[in-house]
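Raw run36.txt, compact mmCIF, N, CA and C atoms:
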```txt
# COMPACT_ATOMS: atom_id res chain seq x y z
N MET A 27 -91.51 41.68 85.65
CA MET A 27 -90.79 41.94 86.86
C MET A 27 -91.36 41.07 87.96
N ALA A 28 -90.81 39.92 88.15
CA ALA A 28 -91.30 39.01 89.16
C ALA A 28 -90.99 39.54 90.55
N GLY A 29 -91.93 39.37 91.46
CA GLY A 29 -91.70 39.77 92.83
C GLY A 29 -91.94 41.24 93.11
N TYR A 30 -92.35 42.01 92.12
CA TYR A 30 -92.58 43.44 92.32
C TYR A 30 -93.89 43.62 93.06
N LYS A 31 -93.85 44.40 94.13
CA LYS A 31 -95.05 44.67 94.90
C LYS A 31 -95.39 46.14 94.78
N GLU A 32 -96.64 46.42 94.53
CA GLU A 32 -97.09 47.80 94.44
C GLU A 32 -97.22 48.39 95.83
N THR A 33 -96.91 49.65 95.95
CA THR A 33 -97.11 50.35 97.22
C THR A 33 -98.60 50.59 97.40
N PRO A 34 -99.02 50.87 98.62
CA PRO A 34 -100.45 51.17 98.82
C PRO A 34 -100.92 52.34 97.96
N ARG A 35 -100.06 53.33 97.76
CA ARG A 35 -100.43 54.48 96.94
C ARG A 35 -100.65 54.05 95.49
N GLN A 36 -99.77 53.19 94.98
CA GLN A 36 -99.92 52.71 93.60
C GLN A 36 -101.20 51.89 93.45
N LYS A 37 -101.51 51.09 94.46
CA LYS A 37 -102.74 50.31 94.42
C LYS A 37 -103.96 51.23 94.40
N MET A 38 -103.90 52.30 95.21
CA MET A 38 -105.01 53.24 95.25
C MET A 38 -105.20 53.92 93.90
N ILE A 39 -104.10 54.33 93.27
CA ILE A 39 -104.18 54.99 91.97
C ILE A 39 -104.77 54.05 90.93
N ALA A 40 -104.30 52.82 90.92
CA ALA A 40 -104.81 51.84 89.96
C ALA A 40 -106.30 51.60 90.18
N MET A 41 -106.69 51.49 91.44
CA MET A 41 -108.10 51.27 91.74
C MET A 41 -108.94 52.48 91.34
N MET A 42 -108.38 53.67 91.57
CA MET A 42 -109.10 54.90 91.21
C MET A 42 -109.37 54.94 89.70
N TYR A 43 -108.36 54.62 88.91
CA TYR A 43 -108.55 54.64 87.46
C TYR A 43 -109.50 53.53 87.00
N LEU A 44 -109.46 52.40 87.66
CA LEU A 44 -110.39 51.32 87.33
C LEU A 44 -111.83 51.75 87.61
N VAL A 45 -112.04 52.35 88.77
CA VAL A 45 -113.38 52.83 89.13
C VAL A 45 -113.82 53.94 88.18
N LEU A 46 -112.90 54.86 87.86
CA LEU A 46 -113.23 55.94 86.94
C LEU A 46 -113.66 55.39 85.59
N THR A 47 -112.95 54.41 85.09
CA THR A 47 -113.29 53.80 83.81
C THR A 47 -114.68 53.17 83.88
N ALA A 48 -114.96 52.48 84.97
CA ALA A 48 -116.28 51.86 85.13
C ALA A 48 -117.37 52.92 85.20
N LEU A 49 -117.11 54.01 85.93
CA LEU A 49 -118.10 55.08 86.03
C LEU A 49 -118.35 55.74 84.68
N LEU A 50 -117.29 55.93 83.92
CA LEU A 50 -117.46 56.51 82.60
C LEU A 50 -118.29 55.59 81.71
N ALA A 51 -118.08 54.30 81.85
CA ALA A 51 -118.85 53.35 81.06
C ALA A 51 -120.33 53.39 81.46
N LEU A 52 -120.60 53.67 82.72
CA LEU A 52 -121.98 53.74 83.20
C LEU A 52 -122.61 55.11 82.97
N ASN A 53 -121.80 56.07 82.55
CA ASN A 53 -122.28 57.42 82.27
C ASN A 53 -122.91 58.06 83.52
N VAL A 54 -122.13 58.13 84.59
CA VAL A 54 -122.62 58.66 85.87
C VAL A 54 -122.65 60.18 85.88
N SER A 55 -123.18 60.74 86.94
CA SER A 55 -123.36 62.19 87.03
C SER A 55 -122.03 62.93 87.13
N LYS A 56 -122.08 64.20 86.78
CA LYS A 56 -120.90 65.06 86.76
C LYS A 56 -120.30 65.24 88.16
N GLU A 57 -121.12 65.28 89.20
CA GLU A 57 -120.63 65.49 90.56
C GLU A 57 -119.69 64.37 90.99
N ILE A 58 -120.01 63.17 90.63
CA ILE A 58 -119.16 62.04 90.99
C ILE A 58 -117.83 62.14 90.26
N LEU A 59 -117.87 62.49 88.99
CA LEU A 59 -116.63 62.63 88.22
C LEU A 59 -115.79 63.79 88.73
N ASP A 60 -116.46 64.85 89.21
CA ASP A 60 -115.72 65.99 89.78
C ASP A 60 -114.92 65.58 91.01
N ALA A 61 -115.42 64.62 91.75
CA ALA A 61 -114.69 64.13 92.92
C ALA A 61 -113.36 63.52 92.50
N PHE A 62 -113.32 62.87 91.36
CA PHE A 62 -112.06 62.31 90.87
C PHE A 62 -111.09 63.42 90.50
N LEU A 63 -111.60 64.53 90.01
CA LEU A 63 -110.73 65.66 89.69
C LEU A 63 -110.07 66.21 90.95
N VAL A 64 -110.82 66.27 92.03
CA VAL A 64 -110.27 66.74 93.31
C VAL A 64 -109.16 65.80 93.77
N VAL A 65 -109.41 64.51 93.70
CA VAL A 65 -108.40 63.52 94.09
C VAL A 65 -107.18 63.64 93.20
N ASN A 66 -107.39 63.82 91.90
CA ASN A 66 -106.28 63.94 90.96
C ASN A 66 -105.43 65.17 91.26
N LYS A 67 -106.08 66.30 91.54
CA LYS A 67 -105.33 67.52 91.87
C LYS A 67 -104.52 67.33 93.13
N SER A 68 -105.10 66.67 94.11
CA SER A 68 -104.40 66.41 95.36
C SER A 68 -103.18 65.52 95.13
N MET A 69 -103.34 64.50 94.30
CA MET A 69 -102.22 63.60 94.00
C MET A 69 -101.14 64.33 93.22
N GLU A 70 -101.52 65.20 92.29
CA GLU A 70 -100.53 65.97 91.54
C GLU A 70 -99.77 66.92 92.45
N SER A 71 -100.47 67.52 93.40
CA SER A 71 -99.82 68.40 94.37
C SER A 71 -98.82 67.62 95.22
N THR A 72 -99.21 66.44 95.65
CA THR A 72 -98.31 65.58 96.43
C THR A 72 -97.10 65.20 95.60
N ASN A 73 -97.31 64.86 94.34
CA ASN A 73 -96.20 64.49 93.46
C ASN A 73 -95.23 65.64 93.29
N GLU A 74 -95.75 66.86 93.14
CA GLU A 74 -94.88 68.03 92.99
C GLU A 74 -94.05 68.25 94.25
N SER A 75 -94.67 68.07 95.41
CA SER A 75 -93.97 68.23 96.68
C SER A 75 -92.85 67.20 96.82
N ILE A 76 -93.15 65.96 96.48
CA ILE A 76 -92.15 64.90 96.56
C ILE A 76 -91.03 65.14 95.55
N ALA A 77 -91.37 65.61 94.36
CA ALA A 77 -90.36 65.90 93.34
C ALA A 77 -89.43 67.01 93.81
N ALA A 78 -89.97 68.02 94.47
CA ALA A 78 -89.13 69.11 94.98
C ALA A 78 -88.17 68.60 96.04
N LYS A 79 -88.65 67.75 96.94
CA LYS A 79 -87.78 67.17 97.96
C LYS A 79 -86.71 66.30 97.32
N SER A 80 -87.09 65.57 96.29
CA SER A 80 -86.14 64.70 95.59
C SER A 80 -85.06 65.53 94.91
N ARG A 81 -85.45 66.63 94.27
CA ARG A 81 -84.46 67.50 93.62
C ARG A 81 -83.49 68.07 94.66
N GLN A 82 -84.03 68.46 95.80
CA GLN A 82 -83.18 68.99 96.86
C GLN A 82 -82.20 67.92 97.35
N MET A 83 -82.67 66.70 97.50
CA MET A 83 -81.81 65.62 97.96
C MET A 83 -80.71 65.33 96.93
N TYR A 84 -81.06 65.32 95.65
CA TYR A 84 -80.05 65.09 94.61
C TYR A 84 -79.04 66.23 94.56
N THR A 85 -79.47 67.45 94.81
CA THR A 85 -78.54 68.58 94.84
C THR A 85 -77.55 68.42 95.99
N THR A 86 -78.05 68.04 97.15
CA THR A 86 -77.18 67.79 98.30
C THR A 86 -76.22 66.65 98.00
N PHE A 87 -76.74 65.60 97.40
CA PHE A 87 -75.93 64.44 97.04
C PHE A 87 -74.84 64.85 96.05
N GLU A 88 -75.20 65.67 95.07
CA GLU A 88 -74.23 66.13 94.08
C GLU A 88 -73.13 66.96 94.74
N ASN A 89 -73.50 67.79 95.70
CA ASN A 89 -72.49 68.57 96.42
C ASN A 89 -71.53 67.66 97.18
N GLN A 90 -72.07 66.63 97.81
CA GLN A 90 -71.21 65.67 98.52
C GLN A 90 -70.30 64.93 97.55
N TYR A 91 -70.83 64.61 96.39
CA TYR A 91 -70.03 63.93 95.37
C TYR A 91 -68.88 64.82 94.90
N THR A 92 -69.16 66.10 94.73
CA THR A 92 -68.13 67.05 94.30
C THR A 92 -67.03 67.18 95.34
N MET A 93 -67.41 67.16 96.61
CA MET A 93 -66.42 67.34 97.68
C MET A 93 -65.60 66.08 97.94
N ASN A 94 -66.18 64.90 97.76
CA ASN A 94 -65.47 63.66 98.10
C ASN A 94 -65.86 62.55 97.13
N GLN A 95 -65.32 62.62 95.92
CA GLN A 95 -65.70 61.67 94.87
C GLN A 95 -65.34 60.24 95.20
N ASP A 96 -64.19 60.02 95.82
CA ASP A 96 -63.76 58.65 96.11
C ASP A 96 -64.75 57.92 97.01
N LYS A 97 -65.24 58.61 98.01
CA LYS A 97 -66.14 57.99 98.97
C LYS A 97 -67.57 57.88 98.45
N VAL A 98 -68.00 58.85 97.67
CA VAL A 98 -69.40 58.93 97.26
C VAL A 98 -69.67 58.31 95.89
N ALA A 99 -68.63 58.12 95.08
CA ALA A 99 -68.79 57.67 93.68
C ALA A 99 -69.66 56.43 93.51
N PRO A 100 -69.45 55.35 94.28
CA PRO A 100 -70.29 54.16 94.06
C PRO A 100 -71.79 54.44 94.30
N PHE A 101 -72.07 55.25 95.30
CA PHE A 101 -73.46 55.58 95.62
C PHE A 101 -74.03 56.55 94.59
N TRP A 102 -73.18 57.44 94.10
CA TRP A 102 -73.61 58.42 93.09
C TRP A 102 -74.07 57.72 91.82
N GLU A 103 -73.31 56.72 91.40
CA GLU A 103 -73.67 55.98 90.19
C GLU A 103 -75.01 55.26 90.37
N LYS A 104 -75.20 54.66 91.54
CA LYS A 104 -76.48 53.98 91.80
C LYS A 104 -77.63 54.98 91.83
N ALA A 105 -77.39 56.12 92.44
CA ALA A 105 -78.43 57.15 92.52
C ALA A 105 -78.81 57.65 91.14
N GLN A 106 -77.83 57.84 90.27
CA GLN A 106 -78.12 58.30 88.92
C GLN A 106 -78.90 57.24 88.14
N ASN A 107 -78.59 55.97 88.38
CA ASN A 107 -79.33 54.88 87.74
C ASN A 107 -80.79 54.87 88.21
N VAL A 108 -80.98 55.03 89.52
CA VAL A 108 -82.34 55.08 90.07
C VAL A 108 -83.10 56.27 89.51
N LYS A 109 -82.43 57.41 89.43
CA LYS A 109 -83.07 58.62 88.92
C LYS A 109 -83.52 58.42 87.47
N ALA A 110 -82.66 57.82 86.66
CA ALA A 110 -83.00 57.58 85.25
C ALA A 110 -84.19 56.62 85.12
N LYS A 111 -84.16 55.54 85.91
CA LYS A 111 -85.25 54.56 85.83
C LYS A 111 -86.56 55.14 86.35
N SER A 112 -86.49 55.95 87.40
CA SER A 112 -87.72 56.54 87.93
C SER A 112 -88.30 57.56 86.94
N THR A 113 -87.43 58.30 86.26
CA THR A 113 -87.91 59.24 85.25
C THR A 113 -88.59 58.49 84.11
N GLU A 114 -88.01 57.37 83.73
CA GLU A 114 -88.60 56.54 82.67
C GLU A 114 -89.97 56.02 83.11
N LEU A 115 -90.09 55.58 84.35
CA LEU A 115 -91.36 55.07 84.87
C LEU A 115 -92.41 56.17 84.95
N ILE A 116 -92.00 57.35 85.40
CA ILE A 116 -92.93 58.48 85.48
C ILE A 116 -93.46 58.83 84.09
N ASN A 117 -92.58 58.86 83.11
CA ASN A 117 -93.01 59.16 81.74
C ASN A 117 -93.99 58.10 81.22
N TYR A 118 -93.72 56.84 81.54
CA TYR A 118 -94.60 55.75 81.13
C TYR A 118 -95.99 55.91 81.76
N LEU A 119 -96.02 56.22 83.06
CA LEU A 119 -97.30 56.38 83.75
C LEU A 119 -98.07 57.59 83.22
N GLU A 120 -97.37 58.66 82.92
CA GLU A 120 -98.03 59.84 82.35
C GLU A 120 -98.63 59.50 80.98
N ASP A 121 -97.91 58.70 80.21
CA ASP A 121 -98.42 58.27 78.90
C ASP A 121 -99.68 57.42 79.07
N LEU A 122 -99.67 56.52 80.04
CA LEU A 122 -100.86 55.71 80.31
C LEU A 122 -102.04 56.58 80.73
N LYS A 123 -101.76 57.58 81.53
CA LYS A 123 -102.81 58.50 81.96
C LYS A 123 -103.42 59.22 80.76
N LEU A 124 -102.57 59.69 79.84
CA LEU A 124 -103.07 60.35 78.63
C LEU A 124 -103.90 59.40 77.78
N GLN A 125 -103.44 58.15 77.67
CA GLN A 125 -104.18 57.17 76.89
C GLN A 125 -105.55 56.91 77.50
N LEU A 126 -105.61 56.83 78.83
CA LEU A 126 -106.89 56.59 79.50
C LEU A 126 -107.86 57.74 79.26
N VAL A 127 -107.37 58.96 79.38
CA VAL A 127 -108.21 60.13 79.13
C VAL A 127 -108.66 60.15 77.67
N ALA A 128 -107.75 59.83 76.77
CA ALA A 128 -108.08 59.83 75.34
C ALA A 128 -109.17 58.82 75.03
N VAL A 129 -109.06 57.63 75.59
CA VAL A 129 -110.08 56.60 75.36
C VAL A 129 -111.42 57.04 75.94
N ALA A 130 -111.38 57.62 77.14
CA ALA A 130 -112.62 58.05 77.79
C ALA A 130 -113.31 59.17 77.01
N GLU A 131 -112.53 60.03 76.38
CA GLU A 131 -113.10 61.16 75.65
C GLU A 131 -113.21 60.89 74.15
N HIS A 132 -112.90 59.68 73.72
CA HIS A 132 -112.96 59.29 72.32
C HIS A 132 -112.10 60.21 71.45
N LYS A 133 -110.88 60.45 71.91
CA LYS A 133 -109.93 61.29 71.18
C LYS A 133 -108.62 60.53 71.05
N THR A 134 -107.70 61.10 70.28
CA THR A 134 -106.35 60.55 70.22
C THR A 134 -105.53 61.19 71.33
N THR A 135 -104.39 60.58 71.66
CA THR A 135 -103.55 61.15 72.72
C THR A 135 -103.01 62.52 72.34
N GLU A 136 -102.88 62.80 71.06
CA GLU A 136 -102.40 64.11 70.62
C GLU A 136 -103.46 65.19 70.88
N GLU A 137 -104.73 64.81 70.79
CA GLU A 137 -105.82 65.77 71.01
C GLU A 137 -106.02 66.09 72.49
N VAL A 138 -105.59 65.18 73.34
CA VAL A 138 -105.76 65.39 74.79
C VAL A 138 -104.68 66.29 75.22
```
Let me see whether you can do it: turn the structure in this file into structure tokens.
Amino acid sequence: MAGYKETPRQKMIAMMYLVLTALLALNVSKEILDAFLVVNKSMESTNESIAAKSRQMYTTFENQYTMNQDKVAPFWEKAQNVKAKSTELINYLEDLKLQLVAVAEHKTTEEV
């Protein structure tokens, strides 16, 4: 994907996982690793909040589509395409997260 720029949040997440991997390789203390758990919980909470807002927006959009299909149809199709692609990306990122945890714990992704 040429020209794709990561958001600051995506850069932070990538950096966090890079640092976590380095810390695991160095076998650092539990307190430092616990800090990553706090950050992870916070990010998951933020993701849930954003997902709830997104669901609400799509519900409103769907209601508008039902009331006026001629006017909303072109935008509805684009929105559904974006929703499908974002779901695919979220699943991919979750899979990468599982793989990272599996490698760090010397397990398979099924065991994690």
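Distance-wise, atom N of Asn53 of chain A and atom C of Asp121 of chain A end up 22.4 Å apart.
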Taking 6 positions as the minimum chain separation for residues in the same chain, which residues sit within 8 Å of segment 100-116 of chain A when counting only N, CA and C atoms? Answer as a PDB file with N, CA and C atoms, in the coordinates of the input.
```pdb
ATOM      1  N   PHE A  87     -76.740  65.600  97.400  1.00  0.00           N
ATOM      2  CA  PHE A  87     -75.930  64.440  97.040  1.00  0.00           C
ATOM      3  C   PHE A  87     -74.840  64.850  96.050  1.00  0.00           C
ATOM      4  N   GLU A  88     -75.200  65.670  95.070  1.00  0.00           N
ATOM      5  CA  GLU A  88     -74.230  66.130  94.080  1.00  0.00           C
ATOM      6  C   GLU A  88     -73.130  66.960  94.740  1.00  0.00           C
ATOM      7  N   TYR A  91     -70.830  64.610  96.390  1.00  0.00           N
ATOM      8  CA  TYR A  91     -70.030  63.930  95.370  1.00  0.00           C
ATOM      9  C   TYR A  91     -68.880  64.820  94.900  1.00  0.00           C
ATOM     10  N   LEU A 122     -99.670  56.520  80.040  1.00  0.00           N
ATOM     11  CA  LEU A 122    -100.860  55.710  80.310  1.00  0.00           C
ATOM     12  C   LEU A 122    -102.040  56.580  80.730  1.00  0.00           C
TER      13      LEU A 122
END
```
Residues within 12 Å of Ala48 of chain A, only C-alpha atoms, excluding chain neighbours under 6 positions, as number ranges by chain: A: 41-42, 54, 59, 126, 130
Mind checking DSSP for chain A and telling me the helix (DSSP H, G or I) residues as a PyMOL selection string? chain A and resi 34-52+56-93+95-130
To one decimal in Å, tell me the separation between atom C of Leu44 of chain A and atom N of Ala78 of chain A.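 That distance, rounded to one decimal, is 28.1 Å.
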Could you jot down the atom C of Thr85 of chain A to atom C of Lys31 of chain A separation for me, Å, one decimal place? 28.6 Å
Keeping C-alpha atoms, write segment 66-102 of chain A of the structure just shown out as a JSON list (two decimals), in the first residue's frame.
```json
[["chain", "number", "residue", "atom", "x", "y", "z"],
["A", 66, "ASN", "CA", -3.03, -2.65, 26.91],
["A", 67, "LYS", "CA", -6.15, -2.57, 29.09],
["A", 68, "SER", "CA", -6.48, 1.15, 28.51],
["A", 69, "MET", "CA", -6.17, 0.70, 24.74],
["A", 70, "GLU", "CA", -8.73, -2.12, 24.76],
["A", 71, "SER", "CA", -11.13, 0.08, 26.72],
["A", 72, "THR", "CA", -10.64, 2.88, 24.20],
["A", 73, "ASN", "CA", -11.23, 0.45, 21.33],
["A", 74, "GLU", "CA", -14.48, -0.75, 22.91],
["A", 75, "SER", "CA", -15.66, 2.84, 23.33],
["A", 76, "ILE", "CA", -14.86, 3.68, 19.71],
["A", 77, "ALA", "CA", -16.53, 0.48, 18.51],
["A", 78, "ALA", "CA", -19.71, 1.38, 20.41],
["A", 79, "LYS", "CA", -19.76, 4.84, 18.83],
["A", 80, "SER", "CA", -19.16, 3.29, 15.43],
["A", 81, "ARG", "CA", -22.05, 0.84, 15.88],
["A", 82, "GLN", "CA", -24.31, 3.71, 16.88],
["A", 83, "MET", "CA", -23.25, 5.70, 13.82],
["A", 84, "TYR", "CA", -23.90, 2.74, 11.50],
["A", 85, "THR", "CA", -27.33, 2.24, 13.08],
["A", 86, "THR", "CA", -28.19, 5.88, 12.45],
["A", 87, "PHE", "CA", -26.83, 5.58, 8.92],
["A", 88, "GLU", "CA", -28.91, 2.45, 8.33],
["A", 89, "ASN", "CA", -32.04, 4.26, 9.50],
["A", 90, "GLN", "CA", -31.33, 7.10, 7.08],
["A", 91, "TYR", "CA", -30.78, 4.58, 4.31],
["A", 92, "THR", "CA", -34.12, 2.94, 5.07],
["A", 93, "MET", "CA", -35.94, 6.27, 4.96],
["A", 94, "ASN", "CA", -34.31, 7.65, 1.79],
["A", 95, "GLN", "CA", -32.52, 4.99, -0.26],
["A", 96, "ASP", "CA", -32.15, 7.09, -3.41],
["A", 97, "LYS", "CA", -30.21, 9.82, -1.66],
["A", 98, "VAL", "CA", -28.19, 7.67, 0.75],
["A", 99, "ALA", "CA", -27.48, 4.57, -1.40],
["A", 100, "PRO", "CA", -24.10, 5.67, -2.87],
["A", 101, "PHE", "CA", -22.79, 6.56, 0.59],
["A", 102, "TRP", "CA", -24.28, 3.42, 2.14]]
```
